[in-house]
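A short worksheet on the structure shown next.
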Amino acid sequence: MDLRSTIKFAIIGNIVAFSVVFALESSTHFFGIKYPSDYAFFVLMLLWGSAALLYMYPPGTVAALNTKQEPSEEAVSSEEEKGSDNPTKRLDANSITCLKLLVSGAPALIYCVIAQLIN
């Protein structure tokens, strides 16, 4: 995990999350945001919620709502022989993405705490 790529991910993630929150708030007034710290809180919840969902339901795995038939043993062994996907590498990449999302929420958390202490 390169520090430069993590910082770039955090900046882009915060900009995208802020844009989503701002677009929803300006078009629907759903959140009832009155203070800048409210924006930071919702950005934090969006980033950390995404990290939690990615951690609980990683992409490329069988989800709880999946109703497909289980493959037979022969089909599984033939897929493993092809070596098309390595579950360990996928899990490692997913863990890194979750950690990056958690770290991306740190500036919003710090802003929320400082705003609360000042007021």
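In the structure tokens, each chain is lettered A, B, ... as it comes, each chain's residues begin at 1, and ligands are numbered from 1 in order of appearance.
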**Shell around Leu54 (chain A) at 8 Å using only C-alpha atoms, local window under 5 positions removed, as a PyMOL selection string** = chain A and resi 59+94+98
**Exercise: region 17-31 of chain A partners within 9 Å, only C-alpha atoms, chain neighbours under 4 positions left out, as a list in words** =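 Residues meeting the cut-off are Ile12, Gly13, Asp38, Tyr39, Ala40, Phe42, Val43, Leu44, Leu46 and Leu47 of chain A.
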Take the residues from that selection and put them in a file with N, CA, C and O atoms, as a PDB file, in the first residue's frame.
```
ATOM      1  N   ILE A  12      -9.957  11.765  -3.406  1.00  0.00           N
ATOM      2  CA  ILE A  12     -11.001  11.504  -4.406  1.00  0.00           C
ATOM      3  C   ILE A  12     -12.245  10.934  -3.732  1.00  0.00           C
ATOM      4  O   ILE A  12     -13.377  11.315  -4.063  1.00  0.00           O
ATOM      5  N   GLY A  13     -12.065  10.041  -2.759  1.00  0.00           N
ATOM      6  CA  GLY A  13     -13.202   9.466  -2.043  1.00  0.00           C
ATOM      7  C   GLY A  13     -14.003  10.507  -1.287  1.00  0.00           C
ATOM      8  O   GLY A  13     -15.240  10.493  -1.295  1.00  0.00           O
ATOM      9  N   ASP A  38     -22.412  18.854   9.693  1.00  0.00           N
ATOM     10  CA  ASP A  38     -23.382  17.852   9.261  1.00  0.00           C
ATOM     11  C   ASP A  38     -22.938  17.201   7.950  1.00  0.00           C
ATOM     12  O   ASP A  38     -23.096  15.988   7.758  1.00  0.00           O
ATOM     13  N   TYR A  39     -22.392  18.024   7.045  1.00  0.00           N
ATOM     14  CA  TYR A  39     -21.861  17.463   5.804  1.00  0.00           C
ATOM     15  C   TYR A  39     -20.733  16.476   6.108  1.00  0.00           C
ATOM     16  O   TYR A  39     -20.665  15.393   5.524  1.00  0.00           O
ATOM     17  N   ALA A  40     -19.844  16.859   7.025  1.00  0.00           N
ATOM     18  CA  ALA A  40     -18.725  15.987   7.383  1.00  0.00           C
ATOM     19  C   ALA A  40     -19.235  14.679   7.985  1.00  0.00           C
ATOM     20  O   ALA A  40     -18.709  13.601   7.688  1.00  0.00           O
ATOM     21  N   PHE A  42     -22.156  13.144   7.414  1.00  0.00           N
ATOM     22  CA  PHE A  42     -22.755  12.294   6.394  1.00  0.00           C
ATOM     23  C   PHE A  42     -21.699  11.739   5.421  1.00  0.00           C
ATOM     24  O   PHE A  42     -21.832  10.618   4.926  1.00  0.00           O
ATOM     25  N   VAL A  43     -20.652  12.504   5.161  1.00  0.00           N
ATOM     26  CA  VAL A  43     -19.540  11.993   4.347  1.00  0.00           C
ATOM     27  C   VAL A  43     -18.868  10.840   5.086  1.00  0.00           C
ATOM     28  O   VAL A  43     -18.565   9.794   4.498  1.00  0.00           O
ATOM     29  N   LEU A  44     -18.665  11.007   6.383  1.00  0.00           N
ATOM     30  CA  LEU A  44     -18.068   9.955   7.207  1.00  0.00           C
ATOM     31  C   LEU A  44     -18.927   8.696   7.191  1.00  0.00           C
ATOM     32  O   LEU A  44     -18.423   7.585   7.010  1.00  0.00           O
ATOM     33  N   LEU A  46     -21.072   7.779   4.923  1.00  0.00           N
ATOM     34  CA  LEU A  46     -21.057   7.197   3.581  1.00  0.00           C
ATOM     35  C   LEU A  46     -19.777   6.404   3.344  1.00  0.00           C
ATOM     36  O   LEU A  46     -19.821   5.266   2.846  1.00  0.00           O
ATOM     37  N   LEU A  47     -18.636   6.961   3.722  1.00  0.00           N
ATOM     38  CA  LEU A  47     -17.362   6.262   3.532  1.00  0.00           C
ATOM     39  C   LEU A  47     -17.258   5.023   4.416  1.00  0.00           C
ATOM     40  O   LEU A  47     -16.898   3.939   3.952  1.00  0.00           O
TER      41      LEU A  47
END
```
**Prompt:** Which polymer residues have any atom within 12 Å of an atom of Thr97 (chain A), counting only C-alpha atoms, with same-chain residues fewer than 2 positions away left out, as an MDAnalysis selection string?
**Reply:** chainID A and resid 1 5:6 9:10 13 47:48 50:55 58:59 90:95 99:104
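The shortest atom-to-atom distance to Gly60 (chain A), with only C-alpha atoms taken into account, belongs to A:Pro87 out of A:Ile15, A:Pro87, A:Pro36, A:Met45.
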**Asked** Using only C-alpha atoms, which residue out of A:Val16, A:Phe41, A:Ile11, A:Thr88 lies closest to Ala108 (chain A)?
**Response** A:Phe41
**Request:** May I ask for the distance between CA of Gly105 (chain A) and CA of Leu3 (chain A), given in Å to one decimal place?
**Result:**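 Between CA of Gly105 (chain A) and CA of Leu3 (chain A) the gap is 15.7 Å.
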